[in-house]
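*Asks:* Okay, handing you the structure first.
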Amino acid sequence: MIDKDFNPITKMDFPDPDVIRVEDTYYMISTTMHFMPGGVLLRSYDLINWEIANHIFDKLDDTPAERLEFEQTSYAGGMWAASLRYHNNKFYAVFVSHFSQKTYLFTTDDVTKEWTKSEIEGYYHDNSILFDDDGRIFIVWGNREIFLLELEKDLSGPKKGGVSKKIIVDDCEGLGYEGSHFYKINGKYYIFLIHWPKGGRRTESCFVSDTVDGEYKGKDVFDDDRGYCNQGVAQGGIVDTPSGKWYAMLFQDSGAVGRIPVLLPIKWENDFPVFGVDGKVPKHFEVASSRPYYRYEPLFTSDKFQYDISESKNPALKKQWEWNHQPDSNLWEILPEGGLRITTGKLCSNLPHAVNTLTQRTMYPRCEAEVMIDASGMKDGDVAGLCILQGLYGYLGITKETGAYYLIKVVREVSSDMGIGIGGGDYMPGKVVEKERLSGPYLNCLLKVNFENMADKLDFFYQKDGRWAKVGDPHQLRFRLDHFTGARFGLFIYSTRNMGGSAVFKDFEYRYN
């Protein structure tokens with residue numbers, strides 16, 4: 001039994017969790033939006049420790065925006081809030097893309113193998129799937145107004161003549177009900193939702209009905225912030241253990257690091273769920289492990305970029321890596337001697353438009369990453385470096401001008417004309433705040449981030465005369481809706497004048513403290 005203060009669970013940005021159990025194994029899917037491969041699927045045997053089992057797709061629609069072509073991007077688009085289910089020996093993942101306005105269905109018999117993609121006719125925001133005992137299939141979705149729809153048995157679309165009705169309406173000021181999670185438990189139907197009343201915080205609600213298409217009655221069931229910055233813990237799935245205990249995996253907004261899962265126990269009183277203890281997330285409670293001696297792979301990794309390239313110069317990278325958008329395999333490769341080489345294939349003036357930026361999630365409360373960059377293949381006007389990627393990004397890198405190499409520090413700060421809505425960023429270039437000539441084309445750089453209590457500070461260092469030298473003042477990070485994701489470390493290069501330049505990244509080191 002594990003009994004300690006382990007919340008928040010992953011310490012990383014894994015928002016919109018949906019969790020299931022298959023025999024002794026728990027699986028959790030999380031929103032990955034524009035990052036590829038997408039649809040990250042985590043695995044656990046105790047609900048506390050998690051590792052990456054797979055991603056359910058390598059690319060989604062292969063659009064210009066997903067490829068960062070023609071100044072288009074898919075920031076805040078892509079894969080949102082999946083419903084994960086296991087039925088008749090098959091896994092199902094259903095989610096929408098805000099930009100494509102499509103609903104996607106991915107299925108597999110084995111979560112570690114390839115998933116098959118199809119579409120469900122219609123667009124179902126923050127949906128949840130229910131396979132009923134009588135063979136019928138339903139989907140619940142919506143924002144403020146929550147709808148119930150019966151699907152065809154092959155999940156291709158609405159069932160002709162099937163149930164279709166509005167079942168719940170939120171009349172509060174603020175963010176209305178969304179984030180549906182739909183279950184049948186002991187013969188009753190439960191819908192878990194969140195809302196954010198004006199002047200309040202993210203709050204969990206639950207509605208219950210005796211029949212699938214009957215009247216749903218409910219209320220707010222959980223409103224707590226763990227004593228953390230008034231950020232409510234809500235939205236996510238519930239799951240039972242082999243012994244019959246129940247737990248909820250919800251998430252908490254945690255500033256620039258992102259939205260982090262939080263685990264809490266559930267009890268049932270009069271067929272209604274009671275979250276936590278005395279309305280709070282308890283600091284200590286027991287959770288059993290079905291495999292107590294299992295060793296989990298960390299959710300972050302260092303990488304010397306030494307892979308087997310006998311079959312391809314583009315081998316499968318470690319599961320902790322995700323590309324910022326759909327990668328171009330013609331423009332990156334692993335070198336025989338080790339190292340990741342990224343080559344430019346277009347001109348751009350801004351980090352968020354750089355193709356083949358390779359990323360990892362940052363970690364609460366503090367973490368750091370360093371990398372060595374070989375810029376000898378760069379052309380004039382190229383910029384390569386190590387970044388913290390989000391709307392208000394910051395990076396430390398190396399640029400080449402008239403044959404000379406310079407250390408460069410760039411940050412993007414809040415401006416009055418900056419879009420903050422979903423997909424609303426204007427992505428104008430950041431500001432050069434530090435610049436220093438280097439003696440050659442090599443740079444060892446280090447970024448340190450402090451997310452504790454939403455400080456969200458980024459510090460920059462580079463190796464000079466055998467020691468780490470700090471570069472300028474800290475940069476203020478911030479979670480915003482233009483990217484709608486937590487801050488990530490990223491390795492990048494882009495060209496402002498001439499395409500075809502390259503940079504090699506070696507000895508990436510990730511440290512958590």
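By order of appearance in the structure tokens: chains A, B, ..., then residues from 1 within every chain, and ligands from 1 in the order shown.
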Tell me which protein, DNA and RNA residues are within 7 Å of Phe461 in chain A, counting only C-alpha atoms, leaving out same-chain ones fewer than 6 positions away, and put them as a count of residues only.

*Replies:* 7

*Asks:* Which residues, written as a list in words, have at least one atom at most 6 Å from Ala384 in chain A, with only C-alpha atoms counted and residues fewer than 5 positions away on the same chain left out?

*Replies:*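 That gives Gly397, Ile398, Phe492 and Ile493 of chain A.
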
*Asks:* At a cut-off of 7 Å, using only C-alpha atoms, what residues contact range 126-141 of chain A? Leave out same-chain residues fewer than 4 positions from it and give the result as a PyMOL selection string.

*Replies:* chain A and resi 81+83+95+146-151+153+178-183

*Asks:* Can those selected residues be exported to a file as a compact mmCIF listing (two decimals), in the first residue's frame so that it contains all heavy atoms?

*Replies:*
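That gives us part.txt:
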```txt
# COMPACT_ATOMS: atom_id res chain seq x y z
N ALA A 81 -9.09 16.52 -25.39
CA ALA A 81 -9.98 15.90 -24.41
C ALA A 81 -10.61 14.59 -24.89
O ALA A 81 -11.81 14.53 -25.16
CB ALA A 81 -11.08 16.89 -24.00
N SER A 83 -12.01 10.66 -24.95
CA SER A 83 -12.72 9.67 -24.15
C SER A 83 -12.06 8.33 -24.42
O SER A 83 -11.96 7.89 -25.57
CB SER A 83 -14.19 9.62 -24.54
OG SER A 83 -14.87 8.57 -23.85
N PHE A 95 -12.08 11.73 -29.80
CA PHE A 95 -11.79 13.12 -29.49
C PHE A 95 -12.08 13.99 -30.70
O PHE A 95 -12.28 13.50 -31.81
CB PHE A 95 -10.32 13.30 -29.06
CG PHE A 95 -9.32 12.94 -30.12
CD1 PHE A 95 -8.88 13.87 -31.03
CD2 PHE A 95 -8.80 11.65 -30.19
CE1 PHE A 95 -7.95 13.55 -32.01
CE2 PHE A 95 -7.88 11.31 -31.16
CZ PHE A 95 -7.45 12.25 -32.07
N ILE A 146 -25.54 20.44 -22.44
CA ILE A 146 -25.00 19.10 -22.55
C ILE A 146 -26.02 18.21 -23.26
O ILE A 146 -27.20 18.19 -22.89
CB ILE A 146 -24.64 18.52 -21.17
CG1 ILE A 146 -23.69 19.48 -20.44
CG2 ILE A 146 -24.03 17.15 -21.30
CD1 ILE A 146 -22.38 19.75 -21.17
N PHE A 147 -25.54 17.47 -24.27
CA PHE A 147 -26.41 16.68 -25.12
C PHE A 147 -26.08 15.19 -25.00
O PHE A 147 -24.94 14.80 -24.75
CB PHE A 147 -26.25 17.10 -26.58
CG PHE A 147 -26.65 18.53 -26.85
CD1 PHE A 147 -25.72 19.55 -26.69
CD2 PHE A 147 -27.94 18.85 -27.23
CE1 PHE A 147 -26.07 20.87 -26.93
CE2 PHE A 147 -28.31 20.17 -27.47
CZ PHE A 147 -27.37 21.18 -27.32
N LEU A 148 -27.11 14.38 -25.22
CA LEU A 148 -26.98 12.93 -25.27
C LEU A 148 -27.40 12.46 -26.65
O LEU A 148 -28.44 12.88 -27.17
CB LEU A 148 -27.89 12.28 -24.22
CG LEU A 148 -28.04 10.76 -24.28
CD1 LEU A 148 -26.76 10.08 -23.79
CD2 LEU A 148 -29.24 10.28 -23.46
N LEU A 149 -26.58 11.61 -27.27
CA LEU A 149 -26.85 11.12 -28.61
C LEU A 149 -26.54 9.63 -28.68
O LEU A 149 -25.50 9.18 -28.19
CB LEU A 149 -25.99 11.87 -29.64
CG LEU A 149 -26.12 11.44 -31.11
CD1 LEU A 149 -27.49 11.81 -31.66
CD2 LEU A 149 -25.02 12.07 -31.94
N GLU A 150 -27.44 8.88 -29.30
CA GLU A 150 -27.19 7.47 -29.54
C GLU A 150 -26.45 7.29 -30.86
O GLU A 150 -26.80 7.94 -31.87
CB GLU A 150 -28.51 6.68 -29.57
CG GLU A 150 -28.31 5.18 -29.61
CD GLU A 150 -29.61 4.41 -29.42
OE1 GLU A 150 -30.67 5.06 -29.23
OE2 GLU A 150 -29.57 3.17 -29.45
N LEU A 151 -25.44 6.44 -30.87
CA LEU A 151 -24.63 6.21 -32.05
C LEU A 151 -24.94 4.85 -32.68
O LEU A 151 -25.44 3.94 -32.02
CB LEU A 151 -23.13 6.25 -31.69
CG LEU A 151 -22.59 7.57 -31.14
CD1 LEU A 151 -21.13 7.40 -30.74
CD2 LEU A 151 -22.75 8.70 -32.16
N LYS A 153 -23.94 1.20 -34.11
CA LYS A 153 -23.10 0.20 -33.45
C LYS A 153 -21.66 0.25 -33.92
O LYS A 153 -20.74 -0.16 -33.20
CB LYS A 153 -23.69 -1.19 -33.65
CG LYS A 153 -24.99 -1.43 -32.89
CD LYS A 153 -25.43 -2.86 -32.99
CE LYS A 153 -26.74 -3.08 -32.23
NZ LYS A 153 -26.58 -2.82 -30.78
N GLU A 178 -18.85 21.58 -19.08
CA GLU A 178 -18.16 20.90 -20.16
C GLU A 178 -17.27 19.82 -19.55
O GLU A 178 -17.34 19.54 -18.36
CB GLU A 178 -17.33 21.86 -21.01
CG GLU A 178 -16.19 22.55 -20.29
CD GLU A 178 -15.35 23.41 -21.22
OE1 GLU A 178 -15.82 23.74 -22.32
OE2 GLU A 178 -14.21 23.75 -20.84
N GLY A 179 -16.45 19.19 -20.38
CA GLY A 179 -15.56 18.14 -19.87
C GLY A 179 -16.32 16.90 -19.44
O GLY A 179 -16.07 16.34 -18.38
N SER A 180 -17.24 16.44 -20.28
CA SER A 180 -18.12 15.32 -19.91
C SER A 180 -17.34 14.02 -19.69
O SER A 180 -16.41 13.70 -20.43
CB SER A 180 -19.15 15.08 -21.02
OG SER A 180 -19.94 16.22 -21.23
N HIS A 181 -17.76 13.27 -18.65
CA HIS A 181 -17.31 11.90 -18.43
C HIS A 181 -18.55 11.10 -18.03
O HIS A 181 -19.21 11.42 -17.05
CB HIS A 181 -16.24 11.85 -17.33
CG HIS A 181 -14.92 12.36 -17.78
ND1 HIS A 181 -14.66 13.71 -17.90
CD2 HIS A 181 -13.79 11.73 -18.18
CE1 HIS A 181 -13.42 13.87 -18.34
NE2 HIS A 181 -12.87 12.69 -18.52
N PHE A 182 -18.85 10.04 -18.79
CA PHE A 182 -20.13 9.35 -18.75
C PHE A 182 -19.91 7.90 -18.33
O PHE A 182 -19.08 7.19 -18.92
CB PHE A 182 -20.75 9.42 -20.15
CG PHE A 182 -22.20 9.05 -20.25
CD1 PHE A 182 -23.04 9.10 -19.16
CD2 PHE A 182 -22.73 8.68 -21.49
CE1 PHE A 182 -24.38 8.77 -19.28
CE2 PHE A 182 -24.06 8.35 -21.62
CZ PHE A 182 -24.89 8.40 -20.52
N TYR A 183 -20.67 7.44 -17.30
CA TYR A 183 -20.48 6.08 -16.77
C TYR A 183 -21.84 5.47 -16.41
O TYR A 183 -22.78 6.19 -16.07
CB TYR A 183 -19.62 6.09 -15.50
CG TYR A 183 -18.28 6.74 -15.67
CD1 TYR A 183 -18.11 8.10 -15.39
CD2 TYR A 183 -17.18 6.01 -16.09
CE1 TYR A 183 -16.87 8.70 -15.53
CE2 TYR A 183 -15.93 6.61 -16.24
CZ TYR A 183 -15.78 7.96 -15.95
OH TYR A 183 -14.57 8.55 -16.11
```

*Asks:* Rank nothing, just name the residue among A:Gly174, A:Gly237, A:Pro365, A:Pro315 nearest to Lys11 in chain A, using only C-alpha atoms.

*Replies:*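 Nearest to Lys11 in chain A: A:Pro365.
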
*Asks:* If we count only C-alpha atoms and set the cut-off at 6 Å, which residues sit around Trp246 in chain A, ignoring sequence neighbours fewer than 6 positions away in its own chain? Please answer as number ranges by chain.

*Replies:* A: 239-240, 266

*Asks:* Could you pull the residues within 12 Å of range 104-111 of chain A, counting only C-alpha atoms, minus those fewer than 5 positions along the same chain, as a PyMOL selection string?

*Replies:* chain A and resi 22+25-29+38-43+52-57+60-61+78-98+116-125+127-129+154-157

*Asks:* Which residue out of A:Gln306, A:Ser312, A:Asn270, A:Asn356 has the minimum interatomic distance to Lys506 in chain A when only C-alpha atoms are used?

*Replies:*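 Among A:Gln306, A:Ser312, A:Asn270, A:Asn356, it is A:Gln306 that comes nearest to Lys506 in chain A.
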
*Asks:* Please report, as a PyMOL selection string, each residue of range 344-487 of chain A to which DSSP assigns strand (DSSP E or B) when run on this structure's backbone.

*Replies:* chain A and resi 347+358-361+366-374+382-389+394-401+404-411+431-437+442-450+457-464+467-470+475-476

*Asks:* Using only C-alpha atoms, which residues sit within 7 Å of Gln320 in chain A once same-chain residues fewer than 5 positions away are excluded, as a list in words?

*Replies:* Leu299, Phe300, Thr301 and Gln360 of chain A

*Asks:* Go ahead and compute the interatomic distance for CA of Asp459 in chain A and CA of Glu434 in chain A, in Å to one decimal.

*Replies:* 12.8 Å

*Asks:* Please compute the CA of Asp482 in chain A-CA of Trp321 in chain A distance, one decimal, in Å.

*Replies:*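 CA of Trp321 in chain A lies 21.8 Å from CA of Asp482 in chain A.
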
*Asks:* Identify which of the residues A:Ser302, A:Thr10, A:Ser74, A:Ser44 lies closest to His353 in chain A, counting only C-alpha atoms when measuring atom-to-atom distances.

*Replies:*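 Using only C-alpha atoms, the shortest distance to His353 in chain A belongs to A:Ser74.
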
*Asks:* With only C-alpha atoms as the basis for distance, which of A:Ser209, A:Ser310, A:Gln235, A:Gln476 is at the shortest distance from Ile185 in chain A?

*Replies:*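 The closest residue to Ile185 in chain A is A:Ser209.
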